[in-house]
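Down below is the structure, laid out as structure tokens.
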Amino acid sequence: MSRRLISSGSSFEREIGYSRAIVDGDWVFISGTTGFNYSTMTIADDVVEQAEQCFKNIEAALAEAECTLKDVVRVRYILPNRDDFEPCWAVLRQYLGEIRPAATMIVAGLFDPRMRIEIEVTARRHVPT
């Protein structure tokens with residue numbers, strides 16, 4: 001089994017020493033992903049817009065790992081403000097409502113005060129036999 005690192009191109013990965021994702025055999029581990037648009041390095045003020053961008057970033061990493069959101073088995077939501085979670089539910093349902101992975105929501109501070117949500121996923125690739 002091979003281990004492959006996936007990068008978003010964010011300077012944070014190089015500066016801190018982590019990867020956007022790691023593919024290890026059939027498993028794909030996506031790091032905590034925020035609402036930054038990595039092509040412009042901007043982030044919306046609105047938590048719902050940030051949640052939407054989180055999933056766009058996650059989908060891009062999953063695609064590079066040759067899988068999709070349908071392969072997600074675990075999700076963790078981290079928010080500094082618990083009151084911001086419920087407004088995001090429609091976005092979470094849009095992306096994961098049919099998949100229904102195991103999930104946890106954690107209230108904790110994030111690296112940058114502009115960040116209002118961070119999402120981490122684990123996926124298992126289903127390679128045809």
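In the structure tokens, chains take letters A, B, ... by order of appearance, with residues numbered from 1 within each chain and ligands from 1 in the order shown.
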
All helix (DSSP H, G or I) residues (DSSP, backbone) inside chain A, as a ChimeraX atom specification: /A:11-16,47-64,69-71,82-84,86-96

Just-selected residues, C-alpha atoms written as an mmCIF file, in the first residue's frame:
```cif
data_model
loop_
_atom_site.group_PDB
_atom_site.id
_atom_site.type_symbol
_atom_site.label_atom_id
_atom_site.label_comp_id
_atom_site.auth_asym_id
_atom_site.auth_seq_id
_atom_site.Cartn_x
_atom_site.Cartn_y
_atom_site.Cartn_z
ATOM 1 C CA SER A 11 0.857 28.353 2.364
ATOM 2 C CA PHE A 12 -0.429 27.080 5.735
ATOM 3 C CA GLU A 13 0.485 23.508 4.751
ATOM 4 C CA ARG A 14 4.143 24.383 4.176
ATOM 5 C CA GLU A 15 4.364 26.762 7.149
ATOM 6 C CA ILE A 16 2.749 24.426 9.675
ATOM 7 C CA VAL A 47 -20.600 31.117 8.343
ATOM 8 C CA VAL A 48 -22.995 29.515 5.831
ATOM 9 C CA GLU A 49 -20.868 30.727 2.905
ATOM 10 C CA GLN A 50 -17.800 29.408 4.718
ATOM 11 C CA ALA A 51 -19.452 25.986 5.163
ATOM 12 C CA GLU A 52 -20.232 25.919 1.438
ATOM 13 C CA GLN A 53 -16.601 26.742 0.588
ATOM 14 C CA CYS A 54 -15.381 24.097 3.042
ATOM 15 C CA PHE A 55 -17.254 21.460 1.059
ATOM 16 C CA LYS A 56 -15.919 22.779 -2.261
ATOM 17 C CA ASN A 57 -12.388 22.474 -0.846
ATOM 18 C CA ILE A 58 -13.128 18.998 0.527
ATOM 19 C CA GLU A 59 -14.626 17.847 -2.779
ATOM 20 C CA ALA A 60 -11.501 19.016 -4.616
ATOM 21 C CA ALA A 61 -9.240 17.034 -2.271
ATOM 22 C CA LEU A 62 -11.480 13.969 -2.499
ATOM 23 C CA ALA A 63 -11.438 14.154 -6.308
ATOM 24 C CA GLU A 64 -7.652 14.257 -6.280
ATOM 25 C CA LEU A 69 -18.368 12.670 -0.810
ATOM 26 C CA LYS A 70 -20.230 9.351 -1.168
ATOM 27 C CA ASP A 71 -17.096 7.707 0.243
ATOM 28 C CA ARG A 82 -22.094 26.896 18.860
ATOM 29 C CA ASP A 83 -24.853 29.267 17.679
ATOM 30 C CA ASP A 84 -23.299 29.199 14.183
ATOM 31 C CA GLU A 86 -27.634 25.364 13.160
ATOM 32 C CA PRO A 87 -27.528 27.986 10.365
ATOM 33 C CA CYS A 88 -25.148 25.588 8.521
ATOM 34 C CA TRP A 89 -27.462 22.574 8.684
ATOM 35 C CA ALA A 90 -28.974 23.181 5.224
ATOM 36 C CA VAL A 91 -25.473 23.135 3.691
ATOM 37 C CA LEU A 92 -24.528 19.989 5.635
ATOM 38 C CA ARG A 93 -27.725 18.273 4.439
ATOM 39 C CA GLN A 94 -27.037 19.374 0.860
ATOM 40 C CA TYR A 95 -23.633 17.696 0.816
ATOM 41 C CA LEU A 96 -24.013 14.806 3.285
#
```

Residues flagged strand (DSSP E or B) by DSSP in chain A, as a ChimeraX atom specification: /A:3-6,21-24,27-34,36-37,42-43,72-79,102-107,118-124

With C-alpha atoms retained, export the selected residues as a JSON list (two decimals), in the first residue's frame.
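File written: out_28.json
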```
[["chain", "number", "residue", "atom", "x", "y", "z"],
["A", 3, "ARG", "CA", 0.87, 6.69, 1.00],
["A", 4, "ARG", "CA", 0.23, 9.82, -1.06],
["A", 5, "LEU", "CA", 0.09, 13.43, 0.12],
["A", 6, "ILE", "CA", -2.36, 15.90, -1.42],
["A", 21, "ALA", "CA", -5.19, 15.15, 2.59],
["A", 22, "ILE", "CA", -3.42, 11.83, 2.84],
["A", 23, "VAL", "CA", -4.34, 8.75, 0.86],
["A", 24, "ASP", "CA", -3.21, 5.61, 2.68],
["A", 27, "TRP", "CA", -8.40, 5.40, 3.35],
["A", 28, "VAL", "CA", -8.47, 9.14, 2.71],
["A", 29, "PHE", "CA", -7.95, 11.59, 5.56],
["A", 30, "ILE", "CA", -8.89, 15.20, 4.83],
["A", 31, "SER", "CA", -7.43, 17.74, 7.27],
["A", 32, "GLY", "CA", -9.62, 20.27, 9.00],
["A", 33, "THR", "CA", -10.78, 22.44, 6.11],
["A", 34, "THR", "CA", -11.90, 26.03, 6.48],
["A", 36, "PHE", "CA", -10.84, 29.90, 2.58],
["A", 37, "ASN", "CA", -10.96, 30.11, -1.18],
["A", 42, "THR", "CA", -10.04, 35.11, 0.80],
["A", 43, "ILE", "CA", -12.74, 34.03, 3.23],
["A", 72, "VAL", "CA", -17.11, 9.80, 3.44],
["A", 73, "VAL", "CA", -17.56, 7.70, 6.58],
["A", 74, "ARG", "CA", -16.71, 10.29, 9.27],
["A", 75, "VAL", "CA", -17.09, 14.05, 9.61],
["A", 76, "ARG", "CA", -16.09, 16.48, 12.36],
["A", 77, "TYR", "CA", -17.38, 20.03, 12.55],
["A", 78, "ILE", "CA", -15.42, 22.53, 14.64],
["A", 79, "LEU", "CA", -16.93, 25.94, 15.35],
["A", 102, "ALA", "CA", -20.77, 9.38, 11.60],
["A", 103, "ALA", "CA", -20.47, 12.96, 12.84],
["A", 104, "THR", "CA", -19.27, 15.07, 15.75],
["A", 105, "MET", "CA", -19.56, 18.81, 16.38],
["A", 106, "ILE", "CA", -16.95, 20.41, 18.60],
["A", 107, "VAL", "CA", -16.88, 23.96, 19.96],
["A", 118, "GLU", "CA", -13.72, 23.95, 10.09],
["A", 119, "ILE", "CA", -14.70, 20.56, 8.66],
["A", 120, "GLU", "CA", -12.61, 17.37, 8.71],
["A", 121, "VAL", "CA", -13.58, 14.16, 6.90],
["A", 122, "THR", "CA", -12.41, 10.60, 6.61],
["A", 123, "ALA", "CA", -13.33, 8.60, 3.53],
["A", 124, "ARG", "CA", -12.83, 5.04, 2.39]]
```

Nearest-residue call for Ser39 of chain A, choices A:Asp112, A:Gly9, A:His126, A:Gly25, using only C-alpha atoms: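 For Ser39 of chain A, the nearest of the given residues is A:Gly9.
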
Point-to-point distance from atom CA of Tyr38 of chain A to atom CA of Ala65 of chain A, Å rounded to tenths: 17.9 Å

One-decimal distance in Å that lies between atom CA of Gly97 of chain A and atom CA of Glu66 of chain A: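 According to the coordinates, atom CA of Glu66 of chain A and atom CA of Gly97 of chain A are separated by 21.1 Å.
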
One-decimal distance in Å that lies between atom CA of Ser8 of chain A and atom CA of Asp45 of chain A: 21.2 Å
